[in-house]
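Engineer: Here's a structure for you.
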Amino acid sequence: MNGTVPLVKSPSRLQDGHGRRFEYLRLSLTDVCNFRCSYCLPDGYRKATGVPSNLTVDEIRRLVSAFAELGLWKVRLTGGEPTLRPEFLEIAAAVSVISGVRKIAVTTNGYRLAERAQSYADAGIDAINISMDSLKPDRFHAITGHDRLDEILRGIDACRAADIRSIKLNSVLLKGLNDDELDDFIAFVIEHDLSLRFIEVMRTNDNPDYFAAHHLAGATVADRLDGLGWQWQTRQAGAGPAIDYANPHGPGRIGIIAPYSKDFCASCNRLRVSATGKLHLCLFGDAGIDLRPLLQWDDQREALVERLQRLVATKAPAHLLHQGNSGATPHLASIGG
Ligand code: SAM
């Protein structure tokens, strides 16, 4: 990673009116995804008309530099499928050398990961989250629309060979579709000494019926892990909203992302920017605030920094998912999850 790592980290100056500080940016690189996950884009990606172009590499550099000046140090590249962006490696390399950025992560469906992992590491990526919703090839195919489980498993090995520091798996918990694999996932994590996160399926504007049929509370996983003697880990300062468990008997870690649980938003530490440069203060908020006019020249930095601080201060205390309100979010590929 870059050689400009500060020894002492000062607290982020991105703070809202509820005492939360923001150190983590999820930056979408594209809305396009080649998978057809049944909870997200079951009919595949469809290009909407009249959508502005994606941020350029220069616009991204200006954006992340302003966030980093305010104390944000972790950037996750997401999408859509971020690795489909032709300039993916160029963007990763540009972000990884920004002063103050200490961790650059990517969330991917694992497409072509086996052959590309080394190039990701070379571009400065030091953390990778790979989506994997089933360990059974036919089911993986049914959920994602792609018969690529084997390719993803080879991708995990390639990430290890490339020495990518943090490798995590993401599995969306789906009642009636993969919840019978809970013990298989736990065994897989132990066998491969991996970290996995179970994500509760979230309701978006496009999937209310699917959500009603397949949502399963993360407490199901917590109960199973408790029963197996896994140990709940106290939340570290600056940690996000995941509930983490460690295996006391050996390797493996499991996290649960349960957005419907009490106080989930209290530990929110992340901000989001869409592929076209809209700031989303919440995954389930309104349409987003356009930052692009302030990304055109390097000398707009001061104005951008001020605007970010002012906007972040207005972040709402919590999402309104419990009231059935998913904000303006049609599906998570539109913002990056
Ligand atoms: N294409 C990449 C991938 O598949 O990981 C990155 C984008 S994807 C939107 C990011 C994460 O959001 C994935 O782990 C995906 O499974 C998850 N996701 C998408 N829609 C979701 C939903 N409605 N509820 C919960 N997780 C969802």
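Going by the structure tokens order, chains are called A, B, ..., each with residues numbered from 1, while ligands are numbered from 1 in the order shown.
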Taking only C-alpha atoms and all ligand atoms into account, report as a PyMOL selection string which residues have an atom no farther than 6 Å from an atom of ligand 1.
Structural biologist: chain A and resi 39-40+78-81+107-109+130-131+170+172+199-203+332-333+336-337
Engineer: Any chance you can output those residues with C-alpha atoms as a PDB file, in the first residue's frame?
Structural biologist:
```pdb
ATOM      1  CA  TYR A  39     -32.710 -10.577  -4.617  1.00  0.00           C
ATOM      2  CA  CYS A  40     -31.024  -7.774  -6.561  1.00  0.00           C
ATOM      3  CA  THR A  78     -18.182  -1.574  -5.275  1.00  0.00           C
ATOM      4  CA  GLY A  79     -20.994  -1.508  -7.823  1.00  0.00           C
ATOM      5  CA  GLY A  80     -22.777  -3.110  -9.780  1.00  0.00           C
ATOM      6  CA  GLU A  81     -19.760  -5.236 -10.430  1.00  0.00           C
ATOM      7  CA  THR A 107     -16.542  -6.105  -3.166  1.00  0.00           C
ATOM      8  CA  THR A 108     -16.897  -8.420  -6.138  1.00  0.00           C
ATOM      9  CA  ASN A 109     -19.009 -11.283  -7.396  1.00  0.00           C
ATOM     10  CA  ILE A 130     -16.393 -12.033  -2.447  1.00  0.00           C
ATOM     11  CA  SER A 131     -20.092 -12.773  -2.692  1.00  0.00           C
ATOM     12  CA  ASN A 170     -20.451 -12.396   1.829  1.00  0.00           C
ATOM     13  CA  VAL A 172     -27.009 -13.295   1.776  1.00  0.00           C
ATOM     14  CA  ILE A 199     -26.132 -10.518   5.363  1.00  0.00           C
ATOM     15  CA  GLU A 200     -29.847 -10.337   6.037  1.00  0.00           C
ATOM     16  CA  VAL A 201     -31.634  -9.817   2.753  1.00  0.00           C
ATOM     17  CA  MET A 202     -32.805  -6.208   2.617  1.00  0.00           C
ATOM     18  CA  ARG A 203     -36.021  -4.898   1.184  1.00  0.00           C
ATOM     19  CA  LEU A 332     -28.448  -2.398  -4.112  1.00  0.00           C
ATOM     20  CA  ALA A 333     -26.545  -2.548  -7.419  1.00  0.00           C
ATOM     21  CA  GLY A 336     -23.216  -0.500  -4.174  1.00  0.00           C
ATOM     22  CA  GLY A 337     -24.707  -2.247  -1.139  1.00  0.00           C
TER      23      GLY A 337
END
```
Engineer: Please report, as JSON, numbers by chain, each residue of segment 33-157 of chain A to which DSSP assigns strand (DSSP E or B) when run on this structure's backbone.
Structural biologist: {"A": [74, 75, 76, 77, 78, 103, 104, 105, 106, 107, 108, 127, 128, 129, 130, 131]}
Engineer: Could you work out how far atom CA of Val95 of chain A lies from atom CA of Leu279 of chain A, giving the answer in Å with one decimal?
Structural biologist: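 Interatomic distance here is 17.6 Å.
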Engineer: Assign secondary structure with DSSP using the backbone only, and return the residues of segment 232-288 of chain A in helix (DSSP H, G or I) as a VMD selection string.
Structural biologist: chain A and resid 264 to 267
Engineer: Keeping only N, CA, C and O atoms, write those residues as an mmCIF file, in the first residue's frame.
Structural biologist:
```cif
data_model
loop_
_atom_site.group_PDB
_atom_site.id
_atom_site.type_symbol
_atom_site.label_atom_id
_atom_site.label_comp_id
_atom_site.auth_asym_id
_atom_site.auth_seq_id
_atom_site.Cartn_x
_atom_site.Cartn_y
_atom_site.Cartn_z
ATOM 1 N N PHE A 264 -29.047 -0.903 14.891
ATOM 2 C CA PHE A 264 -28.098 -1.190 13.803
ATOM 3 C C PHE A 264 -27.425 0.093 13.315
ATOM 4 O O PHE A 264 -26.227 0.126 13.063
ATOM 5 N N CYS A 265 -28.189 1.163 13.186
ATOM 6 C CA CYS A 265 -27.644 2.398 12.599
ATOM 7 C C CYS A 265 -26.765 3.188 13.578
ATOM 8 O O CYS A 265 -26.043 4.096 13.160
ATOM 9 N N ALA A 266 -26.846 2.835 14.873
ATOM 10 C CA ALA A 266 -26.115 3.629 15.873
ATOM 11 C C ALA A 266 -24.615 3.587 15.616
ATOM 12 O O ALA A 266 -23.895 4.538 15.939
ATOM 13 N N SER A 267 -24.116 2.483 15.052
ATOM 14 C CA SER A 267 -22.662 2.366 14.837
ATOM 15 C C SER A 267 -22.305 2.600 13.362
ATOM 16 O O SER A 267 -21.202 2.243 12.938
#
```
Engineer: Looking at only C-alpha atoms, which of A:Arg160, A:Pro251, A:Arg235, A:Gly145 is the one that sits closest to Ala187 of chain A?
Structural biologist: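 That would be A:Pro251, the residue with the smallest distance to Ala187 of chain A.
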Engineer: Any idea what the distance is between atom CA of Lys168 of chain A and atom CA of Trp230 of chain A?
Structural biologist: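 These atoms are spaced 17.9 Å apart.
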Engineer: Show which residues sit within 12 Å of segment 246-248 of chain A, as an MDAnalysis selection string. Count only C-alpha atoms, and ignore same-chain residues fewer than 2 positions away.
Structural biologist: chainID A and resid 186:187 189:191 193:197 222 225:234 243:244 250:256
Engineer: With only C-alpha atoms as the atoms that count, which of A:Ala242, A:Val64, A:Leu41, A:Leu77 lies nearest to Ile143 of chain A?
Structural biologist: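 Of the candidates, the smallest distance to Ile143 of chain A is held by A:Leu41.
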Engineer: Just want the 10 Å neighbourhood of Leu311 of chain A, counted on only C-alpha atoms, with same-chain residues fewer than 6 positions away dropped. Output as an mmCIF file with all heavy atoms, in the first residue's frame.
Structural biologist:
```cif
data_model
loop_
_atom_site.group_PDB
_atom_site.id
_atom_site.type_symbol
_atom_site.label_atom_id
_atom_site.label_comp_id
_atom_site.auth_asym_id
_atom_site.auth_seq_id
_atom_site.Cartn_x
_atom_site.Cartn_y
_atom_site.Cartn_z
ATOM 1 N N LEU A 14 -15.417 14.172 9.647
ATOM 2 C CA LEU A 14 -16.735 13.968 9.055
ATOM 3 C C LEU A 14 -17.636 13.435 10.156
ATOM 4 O O LEU A 14 -17.576 12.254 10.515
ATOM 5 C CB LEU A 14 -16.638 12.944 7.929
ATOM 6 C CG LEU A 14 -16.030 13.437 6.626
ATOM 7 C CD1 LEU A 14 -15.552 12.268 5.781
ATOM 8 C CD2 LEU A 14 -17.024 14.282 5.842
ATOM 9 N N GLN A 15 -18.448 14.312 10.716
ATOM 10 C CA GLN A 15 -19.248 13.914 11.862
ATOM 11 C C GLN A 15 -20.688 14.359 11.657
ATOM 12 O O GLN A 15 -20.921 15.428 11.089
ATOM 13 C CB GLN A 15 -18.676 14.590 13.112
ATOM 14 C CG GLN A 15 -19.253 14.031 14.379
ATOM 15 C CD GLN A 15 -18.564 14.566 15.625
ATOM 16 O OE1 GLN A 15 -17.650 15.380 15.528
ATOM 17 N NE2 GLN A 15 -19.013 14.109 16.781
ATOM 18 N N ASP A 16 -21.641 13.534 12.120
ATOM 19 C CA ASP A 16 -23.035 13.967 11.965
ATOM 20 C C ASP A 16 -23.576 14.508 13.288
ATOM 21 O O ASP A 16 -22.838 14.601 14.277
ATOM 22 C CB ASP A 16 -23.903 12.835 11.393
ATOM 23 C CG ASP A 16 -24.105 11.689 12.374
ATOM 24 O OD1 ASP A 16 -23.691 11.813 13.544
ATOM 25 O OD2 ASP A 16 -24.682 10.671 11.964
ATOM 26 N N LEU A 279 -23.780 11.669 -3.497
ATOM 27 C CA LEU A 279 -23.527 11.272 -2.108
ATOM 28 C C LEU A 279 -24.809 10.710 -1.511
ATOM 29 O O LEU A 279 -25.855 11.363 -1.537
ATOM 30 C CB LEU A 279 -23.077 12.499 -1.306
ATOM 31 C CG LEU A 279 -22.887 12.285 0.201
ATOM 32 C CD1 LEU A 279 -21.691 11.368 0.481
ATOM 33 C CD2 LEU A 279 -22.706 13.622 0.918
ATOM 34 N N HIS A 280 -24.704 9.483 -0.974
ATOM 35 C CA HIS A 280 -25.846 8.872 -0.290
ATOM 36 C C HIS A 280 -25.485 8.766 1.181
ATOM 37 O O HIS A 280 -24.579 8.005 1.549
ATOM 38 C CB HIS A 280 -26.157 7.490 -0.875
ATOM 39 C CG HIS A 280 -26.716 7.556 -2.265
ATOM 40 N ND1 HIS A 280 -28.070 7.555 -2.530
ATOM 41 C CD2 HIS A 280 -26.104 7.678 -3.460
ATOM 42 C CE1 HIS A 280 -28.265 7.655 -3.835
ATOM 43 N NE2 HIS A 280 -27.088 7.723 -4.418
ATOM 44 N N LEU A 281 -26.196 9.516 1.992
ATOM 45 C CA LEU A 281 -25.883 9.513 3.419
ATOM 46 C C LEU A 281 -26.387 8.233 4.071
ATOM 47 O O LEU A 281 -25.952 7.870 5.156
ATOM 48 C CB LEU A 281 -26.501 10.746 4.086
ATOM 49 C CG LEU A 281 -25.909 12.085 3.602
ATOM 50 C CD1 LEU A 281 -26.727 13.256 4.134
ATOM 51 C CD2 LEU A 281 -24.448 12.218 4.025
ATOM 52 N N ILE A 289 -27.122 13.283 -3.366
ATOM 53 C CA ILE A 289 -26.788 14.696 -3.563
ATOM 54 C C ILE A 289 -25.611 14.769 -4.528
ATOM 55 O O ILE A 289 -24.567 14.142 -4.293
ATOM 56 C CB ILE A 289 -26.411 15.336 -2.210
ATOM 57 C CG1 ILE A 289 -27.527 15.078 -1.193
ATOM 58 C CG2 ILE A 289 -26.107 16.819 -2.367
ATOM 59 C CD1 ILE A 289 -27.061 14.808 0.191
#
```
Engineer: List the spatial neighbours of Arg292 of chain A as a ChimeraX atom specification - criterion: any atom at most 10 Å away, only C-alpha atoms, same-chain residues fewer than 3 positions off excluded.
Structural biologist: /A:55,59-60,63,276-279,289,295-296,304
Engineer: Would you write out those residues with all heavy atoms, as a CSV table (one decimal), in the first residue's frame?
Structural biologist:
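Written file, again_9.csv:
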```csv
chain,number,residue,atom,x,y,z
A,55,LEU,N,-18.3,8.6,-13.0
A,55,LEU,CA,-17.2,9.5,-12.7
A,55,LEU,C,-15.9,9.0,-13.4
A,55,LEU,O,-15.6,7.8,-13.5
A,55,LEU,CB,-16.9,9.4,-11.2
A,55,LEU,CG,-18.0,10.0,-10.2
A,55,LEU,CD1,-17.5,9.9,-8.8
A,55,LEU,CD2,-18.4,11.4,-10.6
A,59,GLU,N,-12.1,12.6,-11.6
A,59,GLU,CA,-13.1,13.0,-10.6
A,59,GLU,C,-13.1,12.1,-9.4
A,59,GLU,O,-13.2,12.6,-8.3
A,59,GLU,CB,-14.5,12.9,-11.3
A,59,GLU,CG,-14.7,13.9,-12.4
A,59,GLU,CD,-16.0,13.7,-13.2
A,59,GLU,OE1,-16.3,12.5,-13.5
A,59,GLU,OE2,-16.7,14.7,-13.6
A,60,ILE,N,-12.8,10.9,-9.6
A,60,ILE,CA,-12.7,10.0,-8.4
A,60,ILE,C,-11.5,10.4,-7.5
A,60,ILE,O,-11.6,10.4,-6.3
A,60,ILE,CB,-12.5,8.5,-8.9
A,60,ILE,CG1,-13.9,8.0,-9.5
A,60,ILE,CG2,-12.1,7.6,-7.7
A,60,ILE,CD1,-13.8,6.7,-10.1
A,63,LEU,N,-12.5,13.4,-5.6
A,63,LEU,CA,-13.5,13.1,-4.5
A,63,LEU,C,-12.8,12.4,-3.3
A,63,LEU,O,-13.0,12.8,-2.2
A,63,LEU,CB,-14.5,12.1,-5.2
A,63,LEU,CG,-15.5,11.5,-4.2
A,63,LEU,CD1,-16.6,12.5,-4.0
A,63,LEU,CD2,-16.1,10.2,-4.8
A,276,THR,N,-22.1,7.8,-10.4
A,276,THR,CA,-22.2,9.1,-11.1
A,276,THR,C,-21.9,10.3,-10.2
A,276,THR,O,-22.1,11.4,-10.6
A,276,THR,CB,-23.6,9.3,-11.8
A,276,THR,OG1,-24.6,9.2,-10.8
A,276,THR,CG2,-23.8,8.2,-12.9
A,277,GLY,N,-21.5,10.0,-9.0
A,277,GLY,CA,-21.1,11.1,-8.1
A,277,GLY,C,-22.1,11.6,-7.2
A,277,GLY,O,-22.0,12.8,-6.7
A,278,LYS,N,-23.1,10.8,-6.8
A,278,LYS,CA,-24.1,11.3,-5.8
A,278,LYS,C,-23.8,10.8,-4.5
A,278,LYS,O,-23.6,9.6,-4.3
A,278,LYS,CB,-25.5,10.8,-6.3
A,278,LYS,CG,-26.0,11.3,-7.6
A,278,LYS,CD,-27.4,11.8,-7.5
A,278,LYS,CE,-27.8,12.7,-8.7
A,278,LYS,NZ,-27.5,12.2,-10.0
A,279,LEU,N,-23.8,11.7,-3.5
A,279,LEU,CA,-23.5,11.3,-2.1
A,279,LEU,C,-24.8,10.7,-1.5
A,279,LEU,O,-25.9,11.4,-1.5
A,279,LEU,CB,-23.1,12.5,-1.3
A,279,LEU,CG,-22.9,12.3,0.2
A,279,LEU,CD1,-21.7,11.4,0.5
A,279,LEU,CD2,-22.7,13.6,0.9
A,289,ILE,N,-27.1,13.3,-3.4
A,289,ILE,CA,-26.8,14.7,-3.6
A,289,ILE,C,-25.6,14.8,-4.5
A,289,ILE,O,-24.6,14.1,-4.3
A,289,ILE,CB,-26.4,15.3,-2.2
A,289,ILE,CG1,-27.5,15.1,-1.2
A,289,ILE,CG2,-26.1,16.8,-2.4
A,289,ILE,CD1,-27.1,14.8,0.2
A,295,LEU,N,-16.3,18.5,-8.6
A,295,LEU,CA,-15.2,17.5,-8.9
A,295,LEU,C,-14.5,17.8,-10.2
A,295,LEU,O,-13.7,17.0,-10.8
A,295,LEU,CB,-15.8,16.1,-9.0
A,295,LEU,CG,-16.5,15.5,-7.8
A,295,LEU,CD1,-17.1,14.2,-8.0
A,295,LEU,CD2,-15.5,15.4,-6.6
A,296,GLN,N,-14.7,19.0,-10.7
A,296,GLN,CA,-14.2,19.3,-12.1
A,296,GLN,C,-12.7,19.8,-12.1
A,296,GLN,O,-12.0,19.6,-13.1
A,296,GLN,CB,-15.1,20.3,-12.8
A,296,GLN,CG,-16.5,19.8,-12.9
A,296,GLN,CD,-16.5,18.3,-13.4
A,296,GLN,OE1,-16.0,18.0,-14.5
A,296,GLN,NE2,-17.1,17.4,-12.6
A,304,LEU,N,-15.3,21.7,-1.9
A,304,LEU,CA,-15.8,20.3,-1.7
A,304,LEU,C,-15.7,19.8,-0.3
A,304,LEU,O,-16.7,19.2,0.2
A,304,LEU,CB,-15.0,19.4,-2.7
A,304,LEU,CG,-15.4,17.9,-2.6
A,304,LEU,CD1,-16.8,17.6,-3.0
A,304,LEU,CD2,-14.5,17.1,-3.6
```
Engineer: Closest to Leu177 of chain A among A:Met132, A:Cys159, A:Val312, A:Ala142, using only C-alpha atoms?
Structural biologist: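 Closest candidate: A:Ala142.
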Engineer: Please identify all polymer residues within 10 Å of Ser12 of chain A, counting only C-alpha atoms, omitting same-chain residues fewer than 2 positions from it, and present them as an MDAnalysis selection string.
Structural biologist: chainID A and resid 9:10 14:15 20:24 67:73
Engineer: To one decimal place in Å, what is the distance between atom CA of Ser96 of chain A and atom CA of Ile125 of chain A?
Structural biologist: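 Between atom CA of Ser96 of chain A and atom CA of Ile125 of chain A the gap is 7.4 Å.
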Engineer: Just want the 12 Å neighbourhood of Ile164 of chain A, counted on only C-alpha atoms, with same-chain residues fewer than 5 positions away dropped. Output as a list in words.
Structural biologist: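 My list of contacting residues is Met1, Lys103, Ile104, Ala105, Val106, Ala117, Gln118, Ser119, Tyr120, Ala121, Asp122, Ala123, Gly124, Ile125, Asp126, Ala127, Ile128, Asn129, Gly155, Ile156, Asp157, Ala158 and Cys159 of chain A.
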Engineer: Please save C-alpha atoms of the selected residues as a compact mmCIF listing (two decimals), in the first residue's frame.
Structural biologist:
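Output file result-v1.txt is given in full below:
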```txt
# COMPACT_ATOMS: atom_id res chain seq x y z
CA MET A 1 0.00 0.00 0.00
CA LYS A 103 -7.04 0.56 3.13
CA ILE A 104 -8.49 -0.08 -0.27
CA ALA A 105 -11.05 -2.85 -0.52
CA VAL A 106 -13.22 -4.25 -3.26
CA ALA A 117 -6.31 -11.46 -8.22
CA GLN A 118 -2.62 -10.73 -8.65
CA SER A 119 -3.32 -7.64 -10.75
CA TYR A 120 -5.70 -6.39 -8.04
CA ALA A 121 -2.99 -6.80 -5.40
CA ASP A 122 -0.48 -5.07 -7.67
CA ALA A 123 -2.89 -2.13 -8.03
CA GLY A 124 -2.88 -1.66 -4.24
CA ILE A 125 -6.03 -3.55 -3.23
CA ASP A 126 -5.46 -5.13 0.15
CA ALA A 127 -8.92 -6.35 1.08
CA ILE A 128 -11.48 -8.25 -0.95
CA ASN A 129 -15.04 -9.33 -0.19
CA GLY A 155 -10.58 -16.99 -7.05
CA ILE A 156 -10.31 -17.32 -3.27
CA ASP A 157 -7.16 -19.41 -3.69
CA ALA A 158 -5.76 -16.86 -6.12
CA CYS A 159 -6.34 -14.05 -3.59
```
Engineer: Using only C-alpha atoms, which residue out of A:Thr220, A:Ile167, A:Cys37, A:Ala93 lies closest to His192 of chain A?
Structural biologist: A:Ile167
Engineer: Which is closest to Arg307 of chain A among A:Ala66, A:Pro259, A:Phe198, A:Lys47, if we use only C-alpha atoms?
Structural biologist: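 Of the candidates, the smallest distance to Arg307 of chain A is held by A:Ala66.
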